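These notes concern the structure reproduced below.
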Amino acid sequence: MTGRRRSADAAVRSTAAYAARADAFIRRWGRRANRCPALLRELLALAGPRAALLDLGCGAGQDGRFLFAKRHHVVGLDLTWPLLAYARRRNRRVPLIHGDMRALPFRPGAFDAIWAAASLIHLPKPAARRLLRALRTMVPRGGLLAATVAHGRHAGFLRTGWIPGRYFARWQKAELERAVRRAGWDVMQLLVVSDRERKGRWLNLIARRRG
């Protein structure tokens with residue numbers, strides 16, 4: 001299977017897995033619009049007031065609703081329609097786009113910052129590297145990216161767990177740092193955290209667009 005076909009297969013199967021278990025996802029995450037992850041707070045402190053943010057892989061829209069309530073200009077993008085439908089019911093004023101992060105439908109420099117919470121993990125690594133390059137064009141020079149990425153070595157479709165069937169790519173710290181730098185970002189922070197927002201070990205990244 002070619003890299004492009006592998007990427008498409010990962011997107012299709014991951015989206016189907018989330019759609020099949022949308023109710024479980026919403027129960028765990030969708031109603032938590034009043035909480036702000038620590039990494040998102042750090043991003044907002046850097047971005048400043050009323051920033052324009054892309055919530056990449058917004059899911060049920062919980063972070064987007066929080067950002068909207070704090071008077072930021074936020075757009076959410078996700079490929080799983082049942083989660084977007086729930087997000088739209090909760091707040092019709094937050095712009096939401098049913099779209100694929102591998103083909104971003106935005107003009108260059110549209111955002112001050114990008115928030116990618118547990119979304120890059122659903123792409124094979126070559127596709128994730130291409131996305132990191134594409135995301136660089138979505139912000140102006142000095143624009144920001146914050147992302148949470150699963151820490152580890154293995155990648156593939158989950159057979160067990162909370163939502164099986166998803167594609168899940170784990171990254172080593174040095175591996176992710178190389179990919180981010182090669183995509184044209186300067187790494188400001190890259191930390192390994194355990195059981196913070198999600199169970200297990202994760203990499204918390206903040207980067208700034210170079211050049």
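By convention in this document, the chains of the structure tokens carry letters A, B, ... by their order, each chain's residues are numbered from 1, and ligands are numbered from 1 in the order they are shown.
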
> Where in stretch 22-189 of chain A does DSSP assign alpha helix (DSSP H), given as JSON, numbers by chain?
Replying inline: {"A": [22, 23, 24, 25, 38, 39, 40, 41, 42, 43, 44, 45, 46, 47, 62, 63, 64, 65, 66, 67, 68, 69, 81, 82, 83, 84, 85, 86, 87, 88, 89, 90, 125, 126, 127, 128, 129, 130, 131, 132, 133, 134, 135, 136, 173, 174, 175, 176, 177, 178, 179, 180, 181, 182]}

>> Between A:Arg89, A:Arg141, A:Lys173, A:Arg35, which residue has the minimum interatomic distance to A:Ala69, considering only C-alpha atoms?
In response: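 For A:Ala69, the nearest of the given residues is A:Arg35.
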
> For A:Arg198, which residue out of A:Gly99, A:Gly48, A:Gly165, A:Pro37 is the nearest one, using only C-alpha atoms?
Replying inline: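 Under the stated criterion, the closest residue is A:Pro37.
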
> Hey, which of A:Ala150, A:Leu53, A:Ile26, A:Leu39 ends up closest to A:Ala113? Count only C-alpha atoms.
Replying inline: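 Counting only C-alpha atoms, the residue closest to A:Ala113 is A:Leu53.
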
> Using the chain letters and numbers from this document, which residues of stretch 16-139 of chain A does DSSP assign to strand (DSSP E or B), as number ranges by chain?
Replying inline: A: 52-56, 73-78, 96-98, 113-117

Next, write the just-selected residues to a file, as a JSON list (two decimals), in the first residue's frame, keeping N, CA, C and O atoms as the atom set.
[["chain", "number", "residue", "atom", "x", "y", "z"],
["A", 52, "ALA", "N", -6.98, 34.55, 16.73],
["A", 52, "ALA", "CA", -7.67, 33.69, 15.77],
["A", 52, "ALA", "C", -7.02, 32.30, 15.83],
["A", 52, "ALA", "O", -5.83, 32.16, 15.57],
["A", 53, "LEU", "N", -7.82, 31.30, 16.21],
["A", 53, "LEU", "CA", -7.29, 29.96, 16.43],
["A", 53, "LEU", "C", -8.02, 28.92, 15.61],
["A", 53, "LEU", "O", -9.25, 28.99, 15.44],
["A", 54, "LEU", "N", -7.28, 27.94, 15.12],
["A", 54, "LEU", "CA", -7.84, 26.76, 14.47],
["A", 54, "LEU", "C", -7.81, 25.61, 15.47],
["A", 54, "LEU", "O", -6.74, 25.26, 15.98],
["A", 55, "ASP", "N", -8.98, 25.05, 15.76],
["A", 55, "ASP", "CA", -9.08, 23.87, 16.61],
["A", 55, "ASP", "C", -9.09, 22.66, 15.66],
["A", 55, "ASP", "O", -10.13, 22.30, 15.11],
["A", 56, "LEU", "N", -7.92, 22.08, 15.46],
["A", 56, "LEU", "CA", -7.72, 21.05, 14.43],
["A", 56, "LEU", "C", -8.07, 19.68, 15.00],
["A", 56, "LEU", "O", -7.44, 19.19, 15.93],
["A", 73, "HIS", "N", -11.31, 34.16, 18.46],
["A", 73, "HIS", "CA", -11.94, 33.85, 17.17],
["A", 73, "HIS", "C", -11.50, 32.44, 16.79],
["A", 73, "HIS", "O", -10.37, 32.22, 16.37],
["A", 74, "VAL", "N", -12.39, 31.49, 16.93],
["A", 74, "VAL", "CA", -12.02, 30.09, 16.77],
["A", 74, "VAL", "C", -12.82, 29.44, 15.65],
["A", 74, "VAL", "O", -14.00, 29.74, 15.46],
["A", 75, "VAL", "N", -12.16, 28.57, 14.89],
["A", 75, "VAL", "CA", -12.79, 27.74, 13.87],
["A", 75, "VAL", "C", -12.43, 26.29, 14.18],
["A", 75, "VAL", "O", -11.25, 25.98, 14.41],
["A", 76, "GLY", "N", -13.43, 25.43, 14.20],
["A", 76, "GLY", "CA", -13.19, 24.01, 14.44],
["A", 76, "GLY", "C", -13.29, 23.21, 13.15],
["A", 76, "GLY", "O", -14.17, 23.47, 12.32],
["A", 77, "LEU", "N", -12.39, 22.24, 12.99],
["A", 77, "LEU", "CA", -12.42, 21.36, 11.82],
["A", 77, "LEU", "C", -12.32, 19.91, 12.29],
["A", 77, "LEU", "O", -11.46, 19.58, 13.12],
["A", 78, "ASP", "N", -13.19, 19.06, 11.76],
["A", 78, "ASP", "CA", -13.15, 17.64, 12.10],
["A", 78, "ASP", "C", -13.81, 16.85, 10.98],
["A", 78, "ASP", "O", -14.66, 17.38, 10.24],
["A", 96, "LEU", "N", -17.82, 25.82, 12.40],
["A", 96, "LEU", "CA", -17.36, 24.44, 12.36],
["A", 96, "LEU", "C", -17.33, 23.97, 10.92],
["A", 96, "LEU", "O", -18.27, 24.23, 10.15],
["A", 97, "ILE", "N", -16.28, 23.26, 10.56],
["A", 97, "ILE", "CA", -16.10, 22.79, 9.18],
["A", 97, "ILE", "C", -15.94, 21.28, 9.20],
["A", 97, "ILE", "O", -15.12, 20.73, 9.94],
["A", 98, "HIS", "N", -16.76, 20.63, 8.38],
["A", 98, "HIS", "CA", -16.63, 19.18, 8.19],
["A", 98, "HIS", "C", -15.56, 18.99, 7.12],
["A", 98, "HIS", "O", -15.82, 19.15, 5.92],
["A", 113, "ALA", "N", -2.79, 31.07, 15.70],
["A", 113, "ALA", "CA", -2.30, 29.87, 16.39],
["A", 113, "ALA", "C", -3.17, 28.68, 16.02],
["A", 113, "ALA", "O", -4.34, 28.83, 15.65],
["A", 114, "ILE", "N", -2.58, 27.50, 16.15],
["A", 114, "ILE", "CA", -3.27, 26.24, 15.85],
["A", 114, "ILE", "C", -3.20, 25.37, 17.09],
["A", 114, "ILE", "O", -2.14, 25.20, 17.70],
["A", 115, "TRP", "N", -4.35, 24.81, 17.45],
["A", 115, "TRP", "CA", -4.48, 23.91, 18.58],
["A", 115, "TRP", "C", -4.82, 22.53, 18.05],
["A", 115, "TRP", "O", -5.87, 22.34, 17.43],
["A", 116, "ALA", "N", -3.93, 21.56, 18.25],
["A", 116, "ALA", "CA", -4.10, 20.21, 17.71],
["A", 116, "ALA", "C", -4.00, 19.21, 18.85],
["A", 116, "ALA", "O", -2.93, 18.65, 19.11],
["A", 117, "ALA", "N", -5.11, 19.01, 19.53],
["A", 117, "ALA", "CA", -5.15, 18.11, 20.69],
["A", 117, "ALA", "C", -5.48, 16.69, 20.23],
["A", 117, "ALA", "O", -6.60, 16.42, 19.79]]

Using only C-alpha atoms, which residues of stretch 46-145 of chain A come within 8 Å of stretch 200-208 of chain A, and what is the closest atom pair for each, with the distance in Å to one decimal? Give it as a Markdown table, sorted by chain and residue number.
| residue | atom | partner | partner_atom | distance |
| --- | --- | --- | --- | --- |
| A:Gly142 | CA | A:Arg208 | CA | 5.5 |
| A:Gly143 | CA | A:Arg208 | CA | 5.6 |
| A:Leu144 | CA | A:Arg208 | CA | 4.6 |
| A:Leu145 | CA | A:Ala207 | CA | 5.1 |

Selection to disk with C-alpha atoms, as a short mmCIF file (atom, residue, chain, number, x, y, z; two decimals), in the first residue's frame:
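Result file is out-v6.cif:
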data_model
loop_
_atom_site.label_atom_id
_atom_site.label_comp_id
_atom_site.auth_asym_id
_atom_site.auth_seq_id
_atom_site.Cartn_x
_atom_site.Cartn_y
_atom_site.Cartn_z
CA GLY A 142 5.82 34.00 14.51
CA GLY A 143 2.49 32.16 14.56
CA LEU A 144 2.05 29.33 17.02
CA LEU A 145 1.29 25.62 17.10
#

>> Could you list, as a ChimeraX atom specification, every residue within 8 Å of A:Glu177, counting only C-alpha atoms and ignoring same-chain residues fewer than 4 positions away?
In response: /A:173,181,187,190

How would the residues just picked look written out with N, CA and C atoms as a PDB file, in the first residue's frame?
ATOM      1  N   LYS A 173      10.315  11.519  21.447  1.00  0.00           N
ATOM      2  CA  LYS A 173      10.506  12.965  21.604  1.00  0.00           C
ATOM      3  C   LYS A 173      11.440  13.532  20.535  1.00  0.00           C
ATOM      4  N   ARG A 181      10.868  20.684  13.409  1.00  0.00           N
ATOM      5  CA  ARG A 181      11.892  21.620  12.933  1.00  0.00           C
ATOM      6  C   ARG A 181      12.017  21.581  11.410  1.00  0.00           C
ATOM      7  N   VAL A 187      10.944  24.888  17.924  1.00  0.00           N
ATOM      8  CA  VAL A 187      10.344  24.263  19.102  1.00  0.00           C
ATOM      9  C   VAL A 187      10.605  25.135  20.324  1.00  0.00           C
ATOM     10  N   LEU A 190       8.814  21.124  24.464  1.00  0.00           N
ATOM     11  CA  LEU A 190       8.447  19.752  24.116  1.00  0.00           C
ATOM     12  C   LEU A 190       8.697  18.894  25.353  1.00  0.00           C
TER      13      LEU A 190
END

With the cut-off set at 12 Å and counting only C-alpha atoms, tabulate each residue of stretch 149-183 of chain A with an atom at most that distance from an atom of stretch 128-140 of chain A, showing the nearest atom pair and its distance in Å to one decimal, ordered by chain and increasing number, as a Markdown table.
| residue | atom | partner | partner_atom | distance |
| --- | --- | --- | --- | --- |
| A:Val149 | CA | A:Ala128 | CA | 10.9 |
| A:Phe168 | CA | A:Ala128 | CA | 11.6 |
| A:Ala169 | CA | A:Ala128 | CA | 9.5 |
| A:Arg170 | CA | A:Ala128 | CA | 11.4 |
| A:Trp171 | CA | A:Ala128 | CA | 10.9 |
| A:Glu175 | CA | A:Arg129 | CA | 10.8 |
| A:Leu176 | CA | A:Arg129 | CA | 9.2 |
| A:Glu177 | CA | A:Arg129 | CA | 11.1 |
| A:Arg178 | CA | A:Arg129 | CA | 9.9 |
| A:Ala179 | CA | A:Arg129 | CA | 6.1 |
| A:Val180 | CA | A:Leu132 | CA | 6.7 |
| A:Arg181 | CA | A:Leu132 | CA | 9.4 |
| A:Arg182 | CA | A:Arg133 | CA | 8.2 |
| A:Ala183 | CA | A:Arg133 | CA | 4.6 |

Given the selection you just returned, output its residues as a file containing N, CA and C atoms, formatted as a PDB file, in the first residue's frame.
ATOM      1  N   VAL A 149       0.672  14.782  21.411  1.00  0.00           N
ATOM      2  CA  VAL A 149       0.984  13.629  20.566  1.00  0.00           C
ATOM      3  C   VAL A 149       1.349  12.460  21.477  1.00  0.00           C
ATOM      4  N   PHE A 168      -3.461   4.964  15.332  1.00  0.00           N
ATOM      5  CA  PHE A 168      -2.821   5.619  16.466  1.00  0.00           C
ATOM      6  C   PHE A 168      -1.317   5.571  16.264  1.00  0.00           C
ATOM      7  N   ALA A 169      -0.686   6.728  16.093  1.00  0.00           N
ATOM      8  CA  ALA A 169       0.763   6.807  15.900  1.00  0.00           C
ATOM      9  C   ALA A 169       1.406   7.408  17.138  1.00  0.00           C
ATOM     10  N   ARG A 170       2.364   6.700  17.694  1.00  0.00           N
ATOM     11  CA  ARG A 170       3.121   7.188  18.847  1.00  0.00           C
ATOM     12  C   ARG A 170       4.492   7.666  18.364  1.00  0.00           C
ATOM     13  N   TRP A 171       4.982   8.715  18.984  1.00  0.00           N
ATOM     14  CA  TRP A 171       6.219   9.349  18.563  1.00  0.00           C
ATOM     15  C   TRP A 171       7.213   9.387  19.713  1.00  0.00           C
ATOM     16  N   GLU A 175      12.251  12.297  17.672  1.00  0.00           N
ATOM     17  CA  GLU A 175      11.649  12.087  16.356  1.00  0.00           C
ATOM     18  C   GLU A 175      10.657  13.202  16.036  1.00  0.00           C
ATOM     19  N   LEU A 176       9.801  13.536  17.002  1.00  0.00           N
ATOM     20  CA  LEU A 176       8.832  14.602  16.781  1.00  0.00           C
ATOM     21  C   LEU A 176       9.531  15.952  16.649  1.00  0.00           C
ATOM     22  N   GLU A 177      10.539  16.178  17.464  1.00  0.00           N
ATOM     23  CA  GLU A 177      11.268  17.447  17.389  1.00  0.00           C
ATOM     24  C   GLU A 177      11.888  17.633  16.000  1.00  0.00           C
ATOM     25  N   ARG A 178      12.484  16.578  15.447  1.00  0.00           N
ATOM     26  CA  ARG A 178      13.054  16.666  14.103  1.00  0.00           C
ATOM     27  C   ARG A 178      11.989  16.997  13.069  1.00  0.00           C
ATOM     28  N   ALA A 179      10.857  16.309  13.162  1.00  0.00           N
ATOM     29  CA  ALA A 179       9.791  16.530  12.188  1.00  0.00           C
ATOM     30  C   ALA A 179       9.271  17.961  12.249  1.00  0.00           C
ATOM     31  N   VAL A 180       9.115  18.482  13.447  1.00  0.00           N
ATOM     32  CA  VAL A 180       8.601  19.843  13.623  1.00  0.00           C
ATOM     33  C   VAL A 180       9.601  20.853  13.088  1.00  0.00           C
ATOM     34  N   ARG A 181      10.868  20.684  13.409  1.00  0.00           N
ATOM     35  CA  ARG A 181      11.892  21.620  12.933  1.00  0.00           C
ATOM     36  C   ARG A 181      12.017  21.581  11.410  1.00  0.00           C
ATOM     37  N   ARG A 182      11.996  20.395  10.835  1.00  0.00           N
ATOM     38  CA  ARG A 182      12.126  20.272   9.382  1.00  0.00           C
ATOM     39  C   ARG A 182      10.921  20.866   8.651  1.00  0.00           C
ATOM     40  N   ALA A 183       9.786  20.950   9.352  1.00  0.00           N
ATOM     41  CA  ALA A 183       8.587  21.540   8.746  1.00  0.00           C
ATOM     42  C   ALA A 183       8.588  23.058   8.828  1.00  0.00           C
TER      43      ALA A 183
END

>> Nearest residue to A:Ala127 out of A:Ala47, A:Ala103, A:Val193, A:Leu67, using only C-alpha atoms?
In response: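 Closest to A:Ala127 of all the choices is A:Ala103.
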
What's the 12 Å shell around A:Lys199, counting only C-alpha atoms, without same-chain residues fewer than 4 positions away, as a PDB file with N, CA and C atoms, in the first residue's frame?
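So part32.pdb came out as:
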ATOM      1  N   ALA A 118      -4.499  15.800  20.298  1.00  0.00           N
ATOM      2  CA  ALA A 118      -4.693  14.383  19.966  1.00  0.00           C
ATOM      3  C   ALA A 118      -5.301  14.193  18.577  1.00  0.00           C
ATOM      4  N   ALA A 150       0.822  11.282  21.188  1.00  0.00           N
ATOM      5  CA  ALA A 150       1.103  10.110  22.012  1.00  0.00           C
ATOM      6  C   ALA A 150       2.588   9.761  21.973  1.00  0.00           C
ATOM      7  N   HIS A 151       3.139   9.433  23.135  1.00  0.00           N
ATOM      8  CA  HIS A 151       4.557   9.116  23.257  1.00  0.00           C
ATOM      9  C   HIS A 151       4.763   7.606  23.172  1.00  0.00           C
ATOM     10  N   GLY A 161      -9.351  -1.368  23.724  1.00  0.00           N
ATOM     11  CA  GLY A 161      -9.383  -0.070  24.373  1.00  0.00           C
ATOM     12  C   GLY A 161     -10.696   0.639  24.210  1.00  0.00           C
ATOM     13  N   TRP A 162     -10.653   1.918  24.539  1.00  0.00           N
ATOM     14  CA  TRP A 162     -11.858   2.731  24.610  1.00  0.00           C
ATOM     15  C   TRP A 162     -12.557   2.849  23.258  1.00  0.00           C
ATOM     16  N   VAL A 193       4.701  14.121  29.287  1.00  0.00           N
ATOM     17  CA  VAL A 193       3.816  14.202  30.451  1.00  0.00           C
ATOM     18  C   VAL A 193       3.080  12.874  30.606  1.00  0.00           C
ATOM     19  N   SER A 194       2.666  12.586  31.813  1.00  0.00           N
ATOM     20  CA  SER A 194       1.979  11.318  32.095  1.00  0.00           C
ATOM     21  C   SER A 194       0.641  11.587  32.762  1.00  0.00           C
ATOM     22  N   ASP A 195      -0.419  10.960  32.206  1.00  0.00           N
ATOM     23  CA  ASP A 195      -1.761  10.992  32.808  1.00  0.00           C
ATOM     24  C   ASP A 195      -2.203  12.411  33.152  1.00  0.00           C
TER      25      ASP A 195
END

> By how many Å are atom CA of A:Phe66 and atom CA of A:Leu46 apart?
Replying inline: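 Result for atom CA of A:Phe66 versus atom CA of A:Leu46: 16.9 Å, one decimal.
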